[in-house]
Each structure stands twice: as C-alpha cells, then as structure tokens.
Amino acid sequence: MAKQVKTIGVLTSGGDAPGMNAAIRAIVRTAIHKGLEVKGIMRGYAGLLQEEIVDMNSTSVSDIIHRGGTILYTARCQEFTTAEGQKKGAEICKKHNIDGMVVIGGDGSFRGAGKLSALGINTIGLPGTIDLDIACTDYTIGFDTAVNTAMEAIDKVRDTSTSHERCSIIEVMGRNAGFIALWCGFANGAEDILLPERYDGDEQALINRIIENRKRGKKHHIIINAEGIGHSSSMAKRIEAATGIETRATILGHMQRGGAPTCKDRVYASIMGAKAVELLCQGKSNRVIGYKHGEFQDFDIQEAVNMTKDIPEDQYQISKMLVR
C-alpha cells in the first residue's frame, strides 16, 4: 500500500538557477491544494542538519515567480555526503513530521535525495542547474535563462570587438559540460566554439583560423570557450603573441546564474514542481522528474545519476559547418 504523505519539505541545493522560485511556488501551492502541509528548508542539506525549517503557505510564495535565485537560499554540505549526516537528516525530517521531500538541484543533490529515500523519506528530485548536464532530461531548470543571459552579453562584447578589430575569447559557465558554449556558439555566430567534450587542445589550429579569417577580411573573431576548458586569459595572451591581433578575454561568470527567469523556465519549473507533489501523493519515492522527447517523465534517481550525457553529435557537426 502506498505511503500516505501529509507534510512535504522542499529545499534547493548546490548552485542556484533561475526558475527555482517558480518550482518552489508550484510545490507549495499544489501541496496546499491537495490538503498537505509544506515546510521550507533553508540553505539546502546544510540547513536541514541545522533544523532551519519554516512553515510555508500560499502567501509565502507570492510574488516570487519572476525572481532569480532561490528564496530558500542554497549551500553545499560536506556533512550530508556521510552516512552519519544522511541519517541525521532523515531523523530531523521525522522529528518535524516531514514524510515527503522535494529536492531541487543537480546530480550531487540527487545523490543526497536518494539517501533520504533509502532512509524512509519519500523523495522526489527536480533538475535545477544551468549546466544542462543531467542525462535523464533534455531540460534543466535555469538553462534557458542562463543561455539567454550569456547570448545577450556576447552580443555586446561582439560590438566592441568589431569596433576595435579584436579577437575576443568569451568564457561561459557549464562546469564540465559544453551546452551553454554550444548554444551560444550557434546563437552568437561565433567563429570558434571550444567544448570540453570535443576540444583537442590544438591551439595552433585555432591561431591558423584567426590568421586566415583576417586575411579574408574578417574584422573580428569571436571564440566561445567553455568553463570546463578555462584558461581564457592565458589563451588570449598566447593568441595575441602568435597573431599580432589584439585579443581580450571576457569571463562572464556568475552573472549567468542571476536575473529574472525566462518564460520557459517559469513554466517548465512550475509544471515540474506540481508533478513532484503529484508523485508524492501517489506514494512514489526515489524519482527524478525530467523532460524527455517532448514529455515530462520520471526516472529512478540512481538510474538518472548513473546515466551519462554528451553533446549531440549532429548539433556539433552543424556548429562546425556554420563557424567561419
């Protein structure tokens, strides 16, 4: 018989992502609609272990859907990676009558969610990360906003790069995944896109393309460099020394995490939040909600964590044809 959940906890863990607030809002209001109580856990698993737990109602989530970041705050928690910390977390949930939990975060957060589930707390994960690096889903909360933020910033850098006839290396986030870099490479019409999944480290080939493009009359050269490759500043110095062309590095950094979420991030995060509550009401646990093949689906947490994800080869090959 399915376990009946009466009180749901919600936390955000790891890096913040635009759209997390939309998911929190949907979780709280869907739960209340279904007659459940909701408790917000501040600062992720660290806040759980410190019992930073607050009651939430419909008013708690008013006027937050348009805000970036997370009203519950977020933190990383080394203690929760230990068996002792996980057991303590489960005991605190039971102490506060939390029998269902929604965890919004990335793969590290999901590992913690899986441990809570094994300790008797029905747990559902939502993919909240700008990196798009969770393999079970084609969409992660925050990616759409982050890639649009980066795109707009790169457009501005291109303007000044063209005015000064420079080469510009623009480093975008993504941890060890190249999805933001790939999408910006397409959207910004970059001359080169460096992806952790594909870059072979052949800097001389990069230099040769810059020189050849300048001979063809190109007045600027935009290189999108993924965070997983990094070293943009030192790369810029080497390129300038080799080509004689003024080269600047711009690291967009954490601006990509902030800002008002796009319509897509607000809508998809809201749907995921509501579906998380529905799964808990059905007695489900140890599941991650994803968006695959045009549908919202749920997957076993452990299976989701064990999946691997790569840049789609067809998209990569198209990007190579388009960069010139």
# chains A, B, ... in the order shown; residues from 1 in each chain; ligands from 1
>>> residues_around(residues="Asp192 (chain A)", least_positions_apart="6", cutoff="7 Å", atoms="only C-alpha atoms", output="list in words")
Ile222, Ile223, Ile224 and Val323 of chain A
>>> select_by_dssp(residues="region 132-175 of chain A", states="alpha helix (DSSP H)", output="list of chain:residue names")
A:Phe143, A:Asp144, A:Thr145, A:Ala146, A:Val147, A:Asn148, A:Thr149, A:Ala150, A:Met151, A:Glu152, A:Ala153, A:Ile154, A:Asp155, A:Lys156, A:Val157, A:Arg158, A:Asp159, A:Thr160, A:Ser161, A:Thr162, A:Ser163
>>> select_by_dssp(residues="region 22-217 of chain A", states="strand (DSSP E)", output="PyMOL selection string")
chain A and resi 37-41+53-56+100-105+122-127+167-172+192-194
>>> residues_around(residues="region 32-41 of chain A", least_positions_apart="3", cutoff="8 Å", atoms="only C-alpha atoms", output="PyMOL selection string")
chain A and resi 5-11+28-29+44+47-48+51-58+72+98
>>> closest_residue(among="A:Arg216, A:Ser109, A:Ile65, A:Lys115", to="Lys87 (chain A)", atoms="only C-alpha atoms")
A:Lys115
>>> closest_residue(among="A:Ala135, A:Leu194, A:Ile207, A:Ile130", to="Glu171 (chain A)", atoms="only C-alpha atoms")
A:Leu194
>>> residues_around(residues="Gly230 (chain A)", least_positions_apart="2", cutoff="12 Å", atoms="only C-alpha atoms", output="PyMOL selection string")
chain A and resi 169-178+181+194-196+199+201+224-228+232-236+249-253
>>> closest_residue(among="A:Gln256, A:Thr74, A:Ser270, A:Ser161", to="Ala23 (chain A)", atoms="only C-alpha atoms")
A:Ser270
>>> residues_around(residues="Gly258 (chain A)", least_positions_apart="6", cutoff="12 Å", atoms="only C-alpha atoms", output="list in words")
Gly15, Asp16, Ala17, Pro18, Gly19, Met20, His66, Arg67, Gly68, Gly69, Thr70, Ile130, Gly142, Phe143, Asp144, Thr145, Ala146, Val147, Asn148, Thr149, Ala150 and Leu252 of chain A
>>> write_last_selection(atoms="N, CA and C atoms", output="compact mmCIF listing (two decimals), in the first residue's frame")
# COMPACT_ATOMS: atom_id res chain seq x y z
N GLY A 15 24.32 24.79 -6.79
CA GLY A 15 24.29 26.09 -7.44
C GLY A 15 22.86 26.56 -7.68
N ASP A 16 22.62 27.87 -7.49
CA ASP A 16 21.29 28.40 -7.76
C ASP A 16 21.04 28.45 -9.26
N ALA A 17 19.77 28.49 -9.63
CA ALA A 17 19.39 28.53 -11.04
C ALA A 17 18.09 29.29 -11.18
N PRO A 18 17.99 30.19 -12.17
CA PRO A 18 16.73 30.91 -12.39
C PRO A 18 15.60 29.94 -12.67
N GLY A 19 14.49 30.12 -12.01
CA GLY A 19 13.36 29.20 -12.14
C GLY A 19 13.15 28.36 -10.90
N MET A 20 14.13 28.33 -10.01
CA MET A 20 13.95 27.59 -8.76
C MET A 20 12.76 28.13 -7.97
N HIS A 66 8.93 35.61 -10.65
CA HIS A 66 9.75 36.40 -11.57
C HIS A 66 11.15 36.64 -11.03
N ARG A 67 11.43 36.17 -9.84
CA ARG A 67 12.72 36.47 -9.21
C ARG A 67 13.74 35.36 -9.47
N GLY A 68 14.98 35.77 -9.73
CA GLY A 68 16.06 34.80 -9.89
C GLY A 68 16.50 34.27 -8.54
N GLY A 69 17.45 33.35 -8.56
CA GLY A 69 17.94 32.78 -7.31
C GLY A 69 16.91 31.87 -6.66
N THR A 70 17.00 31.74 -5.34
CA THR A 70 16.06 30.90 -4.59
C THR A 70 15.76 31.54 -3.25
N ILE A 130 21.97 25.25 -14.30
CA ILE A 130 22.11 25.95 -15.58
C ILE A 130 22.94 25.15 -16.56
N GLY A 142 16.69 26.56 -15.30
CA GLY A 142 17.72 27.60 -15.29
C GLY A 142 18.55 27.69 -16.55
N PHE A 143 18.60 26.60 -17.32
CA PHE A 143 19.46 26.63 -18.51
C PHE A 143 18.99 27.68 -19.51
N ASP A 144 17.70 27.74 -19.75
CA ASP A 144 17.19 28.66 -20.77
C ASP A 144 17.52 30.11 -20.42
N THR A 145 17.34 30.46 -19.16
CA THR A 145 17.67 31.83 -18.73
C THR A 145 19.16 32.09 -18.85
N ALA A 146 19.97 31.13 -18.38
CA ALA A 146 21.42 31.32 -18.38
C ALA A 146 21.96 31.49 -19.80
N VAL A 147 21.47 30.69 -20.73
CA VAL A 147 21.99 30.76 -22.09
C VAL A 147 21.54 32.05 -22.78
N ASN A 148 20.35 32.53 -22.44
CA ASN A 148 19.90 33.82 -22.98
C ASN A 148 20.68 34.98 -22.39
N THR A 149 20.99 34.90 -21.10
CA THR A 149 21.83 35.92 -20.47
C THR A 149 23.20 35.98 -21.12
N ALA A 150 23.79 34.81 -21.33
CA ALA A 150 25.11 34.74 -21.97
C ALA A 150 25.05 35.26 -23.40
N LEU A 252 32.33 35.60 -18.32
CA LEU A 252 31.00 36.07 -17.93
C LEU A 252 30.66 35.70 -16.49
>>> atom_distance(atom1="CA of Ser285 (chain A)", atom2="CA of Ser117 (chain A)")
6.4 Å
